[in-house]
file structure_16.pdb (PDB, C-alpha atoms)
ATOM      1  CA  MET A   1     -36.337 -39.236 -17.582
ATOM      2  CA  ILE A   2     -34.919 -35.756 -18.264
ATOM      3  CA  PRO A   3     -33.247 -35.549 -21.710
ATOM      4  CA  ILE A   4     -29.469 -35.271 -21.596
ATOM      5  CA  ARG A   5     -29.424 -31.920 -23.369
ATOM      6  CA  THR A   6     -31.943 -30.469 -20.936
ATOM      7  CA  PHE A   7     -30.002 -31.841 -17.962
ATOM      8  CA  LEU A   8     -26.760 -30.393 -19.311
ATOM      9  CA  ARG A   9     -28.289 -26.984 -19.953
ATOM     10  CA  ARG A  10     -29.771 -26.895 -16.439
ATOM     11  CA  ALA A  11     -26.482 -27.883 -14.822
ATOM     12  CA  LEU A  12     -24.537 -25.255 -16.758
ATOM     13  CA  ARG A  13     -27.199 -22.682 -15.947
ATOM     14  CA  ARG A  14     -26.912 -23.467 -12.230
ATOM     15  CA  THR A  15     -23.125 -23.224 -12.407
ATOM     16  CA  GLY A  16     -23.298 -19.861 -14.157
ATOM     17  CA  LEU A  17     -25.843 -18.587 -11.639
ATOM     18  CA  ALA A  18     -23.675 -19.654  -8.695
ATOM     19  CA  ALA A  19     -20.650 -17.933 -10.175
ATOM     20  CA  ALA A  20     -22.677 -14.789 -10.839
ATOM     21  CA  LEU A  21     -24.023 -14.735  -7.278
ATOM     22  CA  ALA A  22     -20.519 -15.222  -5.867
ATOM     23  CA  SER A  23     -19.206 -12.335  -7.964
ATOM     24  CA  ALA A  24     -22.118 -10.109  -6.946
ATOM     25  CA  GLY A  25     -21.439 -10.867  -3.278
ATOM     26  CA  VAL A  26     -17.778  -9.902  -3.618
ATOM     27  CA  LEU A  27     -18.669  -6.667  -5.386
ATOM     28  CA  ALA A  28     -21.339  -5.818  -2.836
ATOM     29  CA  ALA A  29     -18.932  -6.395   0.067
ATOM     30  CA  ALA A  30     -16.261  -4.312  -1.636
ATOM     31  CA  GLY A  31     -18.798  -1.533  -2.251
ATOM     32  CA  VAL A  32     -19.729  -1.328   1.428
ATOM     33  CA  ALA A  33     -16.097  -1.007   2.535
ATOM     34  CA  PHE A  34     -15.267   1.375  -0.292
ATOM     35  CA  ALA A  35     -17.904   3.909   0.847
ATOM     36  CA  HIS A  36     -15.638   5.050   3.692
ATOM     37  CA  VAL A  37     -12.692   7.420   3.513
ATOM     38  CA  THR A  38      -9.640   5.195   3.909
ATOM     39  CA  VAL A  39      -5.858   5.455   4.112
ATOM     40  CA  HIS A  40      -3.504   3.235   2.129
ATOM     41  CA  PRO A  41      -1.474   1.244   2.928
ATOM     42  CA  GLY A  42      -3.335   0.247   6.049
ATOM     43  CA  SER A  43      -0.161  -0.205   8.101
ATOM     44  CA  TYR A  44       3.458   0.893   8.314
ATOM     45  CA  ALA A  45       6.352   0.036  10.565
ATOM     46  CA  LYS A  46       6.817   2.225  13.616
ATOM     47  CA  GLY A  47       9.366   4.959  12.946
ATOM     48  CA  ALA A  48       9.276   4.327   9.186
ATOM     49  CA  THR A  49      10.873   7.039   7.082
ATOM     50  CA  ASP A  50      10.388   8.508   3.612
ATOM     51  CA  GLY A  51       7.032   6.940   2.797
ATOM     52  CA  VAL A  52       3.730   7.897   1.177
ATOM     53  CA  LEU A  53       0.163   7.676   2.452
ATOM     54  CA  THR A  54      -2.822   7.782   0.094
ATOM     55  CA  PHE A  55      -6.166   9.055   1.355
ATOM     56  CA  ARG A  56      -8.949   7.635  -0.818
ATOM     57  CA  VAL A  57     -12.128   9.699  -0.776
ATOM     58  CA  PRO A  58     -15.226   8.258  -2.512
ATOM     59  CA  ASN A  59     -18.375  10.221  -3.248
ATOM     60  CA  GLU A  60     -21.318   8.405  -1.677
ATOM     61  CA  GLU A  61     -23.952  11.014  -2.580
ATOM     62  CA  ASP A  62     -26.250  10.742  -5.602
ATOM     63  CA  ASN A  63     -26.847  14.405  -6.395
ATOM     64  CA  ALA A  64     -23.853  16.317  -5.046
ATOM     65  CA  SER A  65     -20.103  16.523  -5.649
ATOM     66  CA  THR A  66     -17.366  16.523  -3.017
ATOM     67  CA  THR A  67     -15.717  19.955  -3.091
ATOM     68  CA  LYS A  68     -13.564  19.996   0.038
ATOM     69  CA  VAL A  69     -11.594  17.442   2.024
ATOM     70  CA  GLN A  70      -9.948  18.121   5.391
ATOM     71  CA  VAL A  71      -7.637  15.564   6.970
ATOM     72  CA  PHE A  72      -6.549  16.228  10.549
ATOM     73  CA  VAL A  73      -3.104  14.888  11.392
ATOM     74  CA  PRO A  74      -2.579  13.912  15.054
ATOM     75  CA  THR A  75       0.018  16.021  16.854
ATOM     76  CA  ASP A  76       0.204  14.024  20.097
ATOM     77  CA  HIS A  77       2.156  11.485  18.014
ATOM     78  CA  PRO A  78       3.307  13.735  15.162
ATOM     79  CA  MET A  79       4.065  12.724  11.594
ATOM     80  CA  LEU A  80       7.185  14.629  10.624
ATOM     81  CA  GLY A  81       8.206  16.137   7.302
ATOM     82  CA  VAL A  82       4.772  16.173   5.645
ATOM     83  CA  LEU A  83       4.748  17.045   1.934
ATOM     84  CA  VAL A  84       1.662  17.077  -0.280
ATOM     85  CA  THR A  85       1.733  15.748  -3.837
ATOM     86  CA  GLN A  86      -0.044  17.959  -6.351
ATOM     87  CA  THR A  87      -3.473  16.608  -7.287
ATOM     88  CA  PRO A  88      -4.781  17.890 -10.649
ATOM     89  CA  GLY A  89      -7.663  20.308 -10.162
ATOM     90  CA  TRP A  90      -7.123  20.605  -6.417
ATOM     91  CA  THR A  91      -5.262  23.096  -4.216
ATOM     92  CA  ALA A  92      -3.718  21.754  -1.019
ATOM     93  CA  GLN A  93      -2.958  23.708   2.125
ATOM     94  CA  VAL A  94      -0.933  22.306   5.019
ATOM     95  CA  THR A  95      -1.493  23.822   8.463
ATOM     96  CA  THR A  96       1.118  23.319  11.166
ATOM     97  CA  ALA A  97       0.900  23.502  14.950
ATOM     98  CA  LYS A  98       3.407  23.751  17.774
ATOM     99  CA  LEU A  99       4.086  20.455  19.484
ATOM    100  CA  LYS A 100       3.482  20.107  23.213
ATOM    101  CA  THR A 101       6.452  17.783  23.315
ATOM    102  CA  PRO A 102       9.225  18.584  20.808
ATOM    103  CA  VAL A 103      10.679  15.648  18.915
ATOM    104  CA  LYS A 104      14.424  15.116  18.830
ATOM    105  CA  THR A 105      15.854  13.844  15.558
ATOM    106  CA  ASP A 106      19.303  13.413  14.049
ATOM    107  CA  ASP A 107      18.751  16.723  12.237
ATOM    108  CA  GLY A 108      17.735  18.627  15.344
ATOM    109  CA  THR A 109      14.698  19.216  17.526
ATOM    110  CA  ILE A 110      11.324  19.539  15.797
ATOM    111  CA  THR A 111       8.907  21.947  17.479
ATOM    112  CA  GLU A 112       6.182  22.114  14.794
ATOM    113  CA  ALA A 113       4.408  19.513  12.672
ATOM    114  CA  ALA A 114       1.484  19.257  10.273
ATOM    115  CA  SER A 115      -1.902  19.313  12.001
ATOM    116  CA  GLU A 116      -4.301  19.633   9.053
ATOM    117  CA  ILE A 117      -4.286  19.164   5.277
ATOM    118  CA  THR A 118      -7.108  20.760   3.273
ATOM    119  CA  TRP A 119      -7.897  20.155  -0.396
ATOM    120  CA  THR A 120     -10.220  22.565  -2.242
ATOM    121  CA  GLY A 121     -10.937  23.746  -5.782
ATOM    122  CA  GLY A 122     -11.678  20.372  -7.331
ATOM    123  CA  LYS A 123     -14.659  18.063  -7.260
ATOM    124  CA  ILE A 124     -15.463  14.385  -6.919
ATOM    125  CA  ASP A 125     -18.613  13.535  -8.841
ATOM    126  CA  PRO A 126     -21.154  10.915  -7.721
ATOM    127  CA  GLY A 127     -19.913   7.392  -8.333
ATOM    128  CA  GLN A 128     -16.266   8.511  -8.401
ATOM    129  CA  TYR A 129     -13.378   8.746  -5.951
ATOM    130  CA  GLN A 130     -10.160  10.724  -5.606
ATOM    131  CA  ASP A 131      -6.771   9.701  -4.217
ATOM    132  CA  PHE A 132      -4.780  12.326  -2.298
ATOM    133  CA  ASN A 133      -1.108  11.458  -1.748
ATOM    134  CA  VAL A 134       0.853  12.686   1.260
ATOM    135  CA  ALA A 135       4.571  12.049   1.739
ATOM    136  CA  PHE A 136       6.125  11.915   5.188
ATOM    137  CA  GLY A 137       9.668  12.102   6.507
ATOM    138  CA  GLN A 138       9.137   9.978   9.614
ATOM    139  CA  LEU A 139       6.317   8.239  11.454
ATOM    140  CA  PRO A 140       6.146   8.105  15.259
ATOM    141  CA  ASP A 141       7.466   5.039  17.048
ATOM    142  CA  ASP A 142       5.599   5.463  20.345
ATOM    143  CA  THR A 143       2.056   4.488  19.344
ATOM    144  CA  ASP A 144       0.266   1.569  17.714
ATOM    145  CA  GLN A 145      -1.912   3.570  15.340
ATOM    146  CA  LEU A 146      -2.663   6.997  13.905
ATOM    147  CA  SER A 147      -6.253   8.130  13.457
ATOM    148  CA  PHE A 148      -6.802  10.757  10.740
ATOM    149  CA  LYS A 149     -10.152  12.406  11.411
ATOM    150  CA  THR A 150     -11.566  13.676   8.109
ATOM    151  CA  LEU A 151     -14.286  16.105   7.043
ATOM    152  CA  GLN A 152     -15.829  15.690   3.588
ATOM    153  CA  THR A 153     -17.857  18.647   2.297
ATOM    154  CA  TYR A 154     -20.333  18.407  -0.600
ATOM    155  CA  SER A 155     -21.568  20.965  -3.107
ATOM    156  CA  ASP A 156     -24.989  21.051  -1.428
ATOM    157  CA  GLY A 157     -23.415  22.177   1.853
ATOM    158  CA  LYS A 158     -23.528  18.794   3.579
ATOM    159  CA  THR A 159     -20.459  17.789   5.585
ATOM    160  CA  VAL A 160     -19.766  14.168   6.497
ATOM    161  CA  ARG A 161     -17.575  13.812   9.577
ATOM    162  CA  TRP A 162     -15.361  10.728   9.359
ATOM    163  CA  ILE A 163     -14.217  11.049  12.962
ATOM    164  CA  ASP A 164     -15.508   8.031  14.888
ATOM    165  CA  GLU A 165     -12.923   5.675  16.334
ATOM    166  CA  ALA A 166     -13.595   1.951  16.342
ATOM    167  CA  LYS A 167     -13.476   0.225  19.720
ATOM    168  CA  GLN A 168     -12.320  -3.334  20.226
ATOM    169  CA  GLY A 169     -15.222  -5.761  20.458
ATOM    170  CA  GLN A 170     -17.698  -3.186  19.167
ATOM    171  CA  PRO A 171     -19.304  -2.936  15.691
ATOM    172  CA  GLU A 172     -17.677  -0.567  13.236
ATOM    173  CA  PRO A 173     -19.052   2.973  13.697
ATOM    174  CA  ALA A 174     -21.139   4.596  10.983
ATOM    175  CA  ASN A 175     -18.490   7.188  10.111
ATOM    176  CA  PRO A 176     -15.101   5.670  10.996
ATOM    177  CA  ALA A 177     -11.969   7.777  10.788
ATOM    178  CA  PRO A 178      -9.185   6.470   8.539
ATOM    179  CA  VAL A 179      -6.716   4.562  10.715
ATOM    180  CA  LEU A 180      -3.083   3.708  10.005
ATOM    181  CA  SER A 181      -1.780   0.773  12.057
ATOM    182  CA  LEU A 182       1.824   1.004  13.204
ATOM    183  CA  THR A 183       3.528  -2.350  13.632
ATOM    184  CA  LYS A 184       6.694  -3.350  15.425
ATOM    185  CA  ALA A 185       9.690  -2.064  13.503
ATOM    186  CA  THR A 186      12.044  -4.630  12.052
ATOM    187  CA  THR A 187      15.777  -4.116  12.272
ATOM    188  CA  GLY A 188      18.422  -4.844   9.677
ATOM    189  CA  ASP A 189      22.121  -5.345  10.004
ATOM    190  CA  SER A 190      22.545  -1.627  10.556
ATOM    191  CA  GLY A 191      19.954  -1.643  13.358
ATOM    192  CA  GLU A 192      17.774   0.941  11.604
ATOM    193  CA  ALA A 193      14.006   0.608  11.502
ATOM    194  CA  ALA A 194      12.557  -0.604   8.237
ATOM    195  CA  ALA A 195      11.213   2.274   6.159
ATOM    196  CA  SER A 196       9.019   0.225   3.845
ATOM    197  CA  PRO A 197       5.299  -0.326   4.574
ATOM    198  CA  SER A 198       4.749  -3.272   6.886
ATOM    199  CA  VAL A 199       2.039  -4.510   4.532
ATOM    200  CA  SER A 200       4.492  -5.055   1.701
ATOM    201  CA  PRO A 201       5.593  -8.555   2.762
ATOM    202  CA  ALA A 202       1.944  -9.558   3.124
ATOM    203  CA  ALA A 203       0.914  -8.263  -0.290
ATOM    204  CA  PRO A 204       2.218 -11.260  -2.275
ATOM    205  CA  LYS A 205       0.465 -13.609   0.174
ATOM    206  CA  ALA A 206      -2.818 -11.785  -0.344
ATOM    207  CA  ALA A 207      -2.383 -11.966  -4.096
ATOM    208  CA  THR A 208      -1.513 -15.642  -3.892
ATOM    209  CA  ALA A 209      -4.542 -16.372  -1.738
ATOM    210  CA  SER A 210      -6.754 -14.540  -4.173
ATOM    211  CA  SER A 211      -5.240 -16.404  -7.097
ATOM    212  CA  SER A 212      -5.645 -19.700  -5.287
ATOM    213  CA  ASP A 213      -9.301 -18.955  -4.586
ATOM    214  CA  GLY A 214      -9.854 -18.033  -8.217
ATOM    215  CA  THR A 215      -8.059 -21.163  -9.376
ATOM    216  CA  ALA A 216     -10.048 -23.334  -6.978
ATOM    217  CA  ARG A 217     -13.329 -21.870  -8.215
ATOM    218  CA  GLY A 218     -12.247 -22.343 -11.814
ATOM    219  CA  LEU A 219     -11.249 -25.951 -11.205
ATOM    220  CA  GLY A 220     -14.480 -26.599  -9.336
ATOM    221  CA  ILE A 221     -16.607 -25.264 -12.186
ATOM    222  CA  ALA A 222     -14.501 -27.107 -14.757
ATOM    223  CA  GLY A 223     -14.831 -30.304 -12.736
ATOM    224  CA  LEU A 224     -18.601 -29.905 -12.593
ATOM    225  CA  VAL A 225     -18.818 -29.386 -16.348
ATOM    226  CA  VAL A 226     -16.547 -32.375 -17.016
ATOM    227  CA  GLY A 227     -18.654 -34.493 -14.666
ATOM    228  CA  VAL A 228     -21.844 -33.482 -16.423
ATOM    229  CA  LEU A 229     -20.326 -34.225 -19.818
ATOM    230  CA  GLY A 230     -19.095 -37.599 -18.525
ATOM    231  CA  LEU A 231     -22.565 -38.425 -17.233
ATOM    232  CA  ALA A 232     -24.057 -37.433 -20.584
ATOM    233  CA  ALA A 233     -21.583 -39.678 -22.417
ATOM    234  CA  ALA A 234     -22.374 -42.575 -20.093
ATOM    235  CA  VAL A 235     -26.121 -42.231 -20.594
ATOM    236  CA  ILE A 236     -25.691 -42.030 -24.378
ATOM    237  CA  ALA A 237     -23.493 -45.133 -24.302
ATOM    238  CA  ILE A 238     -26.098 -46.998 -22.267
ATOM    239  CA  ARG A 239     -28.840 -46.020 -24.683
ATOM    240  CA  ARG A 240     -26.778 -47.140 -27.650
ATOM    241  CA  GLY A 241     -26.070 -50.414 -25.891
ATOM    242  CA  ARG A 242     -29.767 -51.022 -25.378
ATOM    243  CA  ARG A 243     -30.485 -50.341 -29.044
ATOM    244  CA  SER A 244     -27.752 -52.709 -30.308
ATOM    245  CA  PRO A 245     -29.059 -56.187 -31.370
ATOM    246  CA  GLN A 246     -28.081 -58.968 -29.020
ATOM    247  CA  VAL A 247     -25.940 -61.823 -30.473
TER     248      VAL A 247
END
call {"tool": "encode", "arguments": {"input": "structure_16.pdb", "output": "structure tokens"}}
result
Amino acid sequence: MIPIRTFLRRALRRTGLAAALASAGVLAAAGVAFAHVTVHPGSYAKGATDGVLTFRVPNEEDNASTTKVQVFVPTDHPMLGVLVTQTPGWTAQVTTAKLKTPVKTDDGTITEAASEITWTGGKIDPGQYQDFNVAFGQLPDDTDQLSFKTLQTYSDGKTVRWIDEAKQGQPEPANPAPVLSLTKATTGDSGEAAASPSVSPAAPKAATASSSDGTARGLGIAGLVVGVLGLAAAVIAIRRGRRSPQV
């Protein structure tokens, strides 16, 4: 028979190993997704106004720094009123282009819009990332998504082209372009489209789900430990009972 202390140590060791493996899996999965250039939030309401997009650029090289980032803004479904937030150490340049189809707004007809945003002068070292914030006046309401093709240039001259578009039913491409999903606009009492990111209502649910998962894991581990301790107590009680003189 395995001694109680040995049994308890083995059980706790298995529990700790399982938790460690689970954590490692989560981190590994997050690392794979994080290697791509992404845009945050991942979705907005169609026609949303006065919002901010964050382009997150990680350095996935071991021996070179990112020194230039170019984000191409689609002009077939233009994003109006683009303004770039100052990023310490970086210089931003916004290039505009004439629109094939002018956009009519309450303030007049727009004939030009941003077509490219380029950041230079700074660097992203290996193992680090940089967030670049871009404010917009209005998103288009006639498309379901915006694809921001991006070029990432390194100090060794290498350029990674994040330009591939994912196709439904196909595996994710090696170098996917950052994609912003545009969801159906909600209307309020005034009939205006919601300006807040469409992911905002879902954020608390995601946090709750994460908390619930964490709580469930914690309760499961605690239950296992309590069960082991209960088994140990039962075995000890049985042994004591056997040693007690019979009347």
call {"tool": "axis_aligned_box", "arguments": {"input": "structure_16.pdb", "around": "stretch 111-120 of chain A", "padding_each_side": "3 Å", "output": "JSON"}}
result
{"center_x": -0.7, "center_y": 20.9, "center_z": 7.6, "size_x": 25.1, "size_y": 9.4, "size_z": 25.7}
call {"tool": "closest_atom_pairs", "arguments": {"input": "structure_16.pdb", "of": "stretch 88-152 of chain A", "to": "stretch 163-178 of chain A", "cutoff": "9 Å", "atoms": "all atoms listed in the file", "output": "Markdown table"}}
result
| residue | atom | partner | partner_atom | distance |
| --- | --- | --- | --- | --- |
| A:Leu146 | CA | A:Pro178 | CA | 8.5 |
| A:Ser147 | CA | A:Pro178 | CA | 6.0 |
| A:Phe148 | CA | A:Pro178 | CA | 5.4 |
| A:Lys149 | CA | A:Ile163 | CA | 4.6 |
| A:Thr150 | CA | A:Ile163 | CA | 6.1 |
| A:Leu151 | CA | A:Ile163 | CA | 7.8 |
call {"tool": "closest_residue", "arguments": {"input": "structure_16.pdb", "among": "A:Lys184, A:His77, A:Arg56, A:His40", "to": "A:Val103", "atoms": "all atoms listed in the file"}}
result
A:His77
call {"tool": "atom_distance", "arguments": {"input": "structure_16.pdb", "atom1": "atom CA of A:Lys46", "atom2": "atom CA of A:Thr87"}}
result
27.4 Å
call {"tool": "atom_distance", "arguments": {"input": "structure_16.pdb", "atom1": "atom CA of A:Gln138", "atom2": "atom CA of A:Leu80"}}
result
5.1 Å
call {"tool": "atom_distance", "arguments": {"input": "structure_16.pdb", "atom1": "atom CA of A:Tyr44", "atom2": "atom CA of A:Thr183"}}
result
6.2 Å
call {"tool": "resolve_selection", "arguments": {"input": "structure_16.pdb", "expression": "the PyMOL selection byres ((chain A and resi 105) around 12)", "output": "MDAnalysis selection string"}}
result
chainID A and resid 47 49 80:81 102:104 106:111 137:140
call {"tool": "resolve_selection", "arguments": {"input": "structure_16.pdb", "expression": "the PyMOL selection byres ((chain A and resi 58) around 12)", "output": "PyMOL selection string"}}
result
chain A and resi 31-39+55-57+59-62+65-67+69+123-132+152-154+160
call {"tool": "residues_near_point", "arguments": {"input": "structure_16.pdb", "point": "(-9.4, 22.3, 1.8)", "cutoff": "10 Å", "atoms": "all atoms listed in the file", "output": "PDB file with C-alpha atoms, in the coordinates of the input"}}
result
ATOM      1  CA  THR A  67     -15.717  19.955  -3.091  1.00  0.00           C
ATOM      2  CA  LYS A  68     -13.564  19.996   0.038  1.00  0.00           C
ATOM      3  CA  VAL A  69     -11.594  17.442   2.024  1.00  0.00           C
ATOM      4  CA  GLN A  70      -9.948  18.121   5.391  1.00  0.00           C
ATOM      5  CA  VAL A  71      -7.637  15.564   6.970  1.00  0.00           C
ATOM      6  CA  TRP A  90      -7.123  20.605  -6.417  1.00  0.00           C
ATOM      7  CA  THR A  91      -5.262  23.096  -4.216  1.00  0.00           C
ATOM      8  CA  ALA A  92      -3.718  21.754  -1.019  1.00  0.00           C
ATOM      9  CA  GLN A  93      -2.958  23.708   2.125  1.00  0.00           C
ATOM     10  CA  VAL A  94      -0.933  22.306   5.019  1.00  0.00           C
ATOM     11  CA  GLU A 116      -4.301  19.633   9.053  1.00  0.00           C
ATOM     12  CA  ILE A 117      -4.286  19.164   5.277  1.00  0.00           C
ATOM     13  CA  THR A 118      -7.108  20.760   3.273  1.00  0.00           C
ATOM     14  CA  TRP A 119      -7.897  20.155  -0.396  1.00  0.00           C
ATOM     15  CA  THR A 120     -10.220  22.565  -2.242  1.00  0.00           C
ATOM     16  CA  GLY A 121     -10.937  23.746  -5.782  1.00  0.00           C
ATOM     17  CA  GLY A 122     -11.678  20.372  -7.331  1.00  0.00           C
ATOM     18  CA  LEU A 151     -14.286  16.105   7.043  1.00  0.00           C
ATOM     19  CA  GLN A 152     -15.829  15.690   3.588  1.00  0.00           C
ATOM     20  CA  THR A 153     -17.857  18.647   2.297  1.00  0.00           C
TER      21      THR A 153
END
call {"tool": "residues_around", "arguments": {"input": "structure_16.pdb", "residues": "A:Ser115", "least_positions_apart": "2", "cutoff": "6 Å", "atoms": "only C-alpha atoms", "output": "NGL selection string"}}
result
:A and (72-73 or 95-97)
